[in-house]
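Novice: Sharing a structure below in structure tokens format, with a few things to ask.
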Amino acid sequence: MWSHQHWQDSVYGRETKQADRLARYADIFNTVEGNTSFYATPSQQTVLNWHSATPESFRFTFKLPQTITHQKQLLLCGQELNDFFRVMTPLIEKTGVWKIQLPAHFGPEQLPVLKQFLAQVPQGLNYGVEVRHPAFFAKGDAERALNRLLIDKGINRIIMDSRPLFALPPSNAAIIDAQKKKPRLPVHPIATANTPVVRFIGQTDVTEPGFTQAETVGLPKNNDAFFNNWQKQLPIWLNEGREPYFFIHTPDNQTAPELAIRLYQTLREQIAAHIDLPELSLLEKKPEETSTQMGLSW
């Protein structure tokens with residue numbers, strides 16, 4: 001997301017109009033998860049507005065509509081697929097990954113359906129597949145078959161890291177809701193194509209200002225313990241010439257921007273001797289400054 005009321009003060013500034021939030025977001029970060037496309041295809045004018053609000057270097061990631069992935073489960077959906085990409089055409093050059101999120105009941109027996117669907121989508125674009133069926137995480141024949149299919153097709157396997165979320169006690173409504181909606185699955189950091197995607201469901205970072213003592217009871221001080229493994233894996237991917245996309249969520253997303261920047265800077269400092277990543281800041285940028293360009297997407 002790029003529009004969150006809590007971010008009006010912490011990210012955008014009170015003078016920023018709601019219609020200008022995406023442009024301000026793109027001044028700081030260079031990619032975003034466009035989850036709204038999962039629920040409904042945006043209007044043509046909205047797509048054009050998103051295009052004009054972002055620099056050429058900015059990259060969206062859009063989920064394919066749930067009518068395709070969940071209701072029709074990739075079957076007999078050619079018209080819906082054509083309609084979606086027709087509307088999204090102005091943003092094709094600015095979209096880093098088109099996400100195919102599959103329901104938890106989409107299992108190994110449906111891999112032939114996925115294979116056929118991957119041959120049906122517009123070719124020459126970059127896709128990622130997110131699976132949630134437990135068999136695809138058991139390191140058995142089903143997972144090997146999935147990974148082989150994705151490697152053969154050059155499709156990224158989207159990685160969900162929900163460990164931080166489920167390490168939290170169910171101490172407030174936001175955490176309880178997130179734990180109901182997000183999958184609790186093993187983390188297998190495999191890159192099946194050139195742009196591995198990680199969705200990190202972090203914990204509300206109470207090291208950031210603005211939280212009362214009552215709100216921080218039971219919450220950890222930071223997410224570093226869960227990020228340590230990614231500090232090792234991300235440089236490996238970068239050294240291999242890959243372009244990882246790393247997205248930060250929290251149960252209420254209030255401090256997700258600050259957490260993303262802090263974890264990014266932690267990574268940046270660790271690998272500074274080998275890989276040069278630019279600085280990120282929530283500080284107001286001067287009009288003459290150009291947009292941030294990065295190889296690692298957050």
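Letters A, B, ... go to the chains of the structure tokens in the order shown; residues in each chain start at 1; ligands are counted from 1 in the same order.
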Please identify the helix (DSSP H, G or I) residues within stretch 79-241 of chain A (assignment by DSSP from backbone atoms) and present them as a PyMOL selection string.

Specialist: chain A and resi 79-94+108-120+134-137+141-153+163-166+173-181+214-216+224-239

Novice: Could you give me, as a list in words, the residues within 9 Å of stretch 224-238 of chain A, counting only C-alpha atoms and dropping anything in the same chain fewer than 3 positions from it?

Specialist: Asp161, Arg163, Pro164, Pro189, Ala191, Asn194, Thr195, Pro196, Phe200, Gly202, Lys221, Gly241, Arg242, Glu243, Pro244, Leu263, Thr266, Leu267, Gln270, Ile271, His274, Ile275, Gly295 and Leu296 of chain A

Novice: So which residues touch A:Lys182 within 10 Å, counting only C-alpha atoms, skipping near sequence neighbours fewer than 5 positions away, as an MDAnalysis selection string?

Specialist: chainID A and resid 132 160:162 165:166 177 201 251

Novice: Deliver the residues from the most recent selection as a file, using C-alpha atoms, as an mmCIF file, in the first residue's frame.

Specialist:
data_model
loop_
_atom_site.group_PDB
_atom_site.id
_atom_site.type_symbol
_atom_site.label_atom_id
_atom_site.label_comp_id
_atom_site.auth_asym_id
_atom_site.auth_seq_id
_atom_site.Cartn_x
_atom_site.Cartn_y
_atom_site.Cartn_z
ATOM 1 C CA ARG A 132 0.088 -21.833 0.394
ATOM 2 C CA MET A 160 6.204 -15.422 2.758
ATOM 3 C CA ASP A 161 8.072 -14.932 6.033
ATOM 4 C CA SER A 162 5.427 -14.794 8.752
ATOM 5 C CA LEU A 165 3.949 -12.287 13.242
ATOM 6 C CA PHE A 166 3.379 -15.687 14.834
ATOM 7 C CA ASP A 177 -6.676 -10.446 12.717
ATOM 8 C CA ILE A 201 5.296 -9.892 8.027
ATOM 9 C CA PRO A 251 -0.150 -6.234 11.708
#

Novice: So how many Å separate atom CA of A:Leu280 and atom CA of A:Ala53, to one decimal?

Specialist: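 That distance, rounded to one decimal, is 19.5 Å.
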
Novice: Check stretch 68-295 of chain A with DSSP on the backbone and list each residue it calls strand (DSSP E or B), as a PyMOL selection string.

Specialist: chain A and resi 95-101+127-130+156-157+159-161+197-201+245-249

Novice: Just want the 9 Å neighbourhood of A:Gly107, counted on only C-alpha atoms, with same-chain residues fewer than 2 positions away dropped. Output as a list in words.

Specialist: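 My reading of the contact set: Pro103, Ala104, His105, Glu109, Gln110, Leu111, Val131, Arg132, His133, Pro134, Ala135, Phe136 and Ala142 of chain A.
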
Novice: So, counting only C-alpha atoms, which residue among A:Thr250, A:Asp9, A:Lys63, A:Leu81 is closest to A:Ile175?

Specialist: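 Result for the nearest residue to A:Ile175: A:Thr250.
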
Novice: Which one of A:Leu125, A:Ala119, A:Val187, A:Phe58 sits closest to A:Ile28 if you count only C-alpha atoms?

Specialist: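 With only C-alpha atoms as the atom set, the closest residue is A:Phe58.
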
Novice: My list of candidates is A:Pro278, A:Pro65, A:Pro42, A:Pro90. Which is closest to A:Tyr264 when distances are computed with only C-alpha atoms?

Specialist: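 Among A:Pro278, A:Pro65, A:Pro42, A:Pro90, it is A:Pro278 that comes nearest to A:Tyr264.
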
Novice: For atom CA of A:Asn156 and atom CA of A:Ala193, quote the distance in Å rounded to one decimal.

Specialist: 4.8 Å
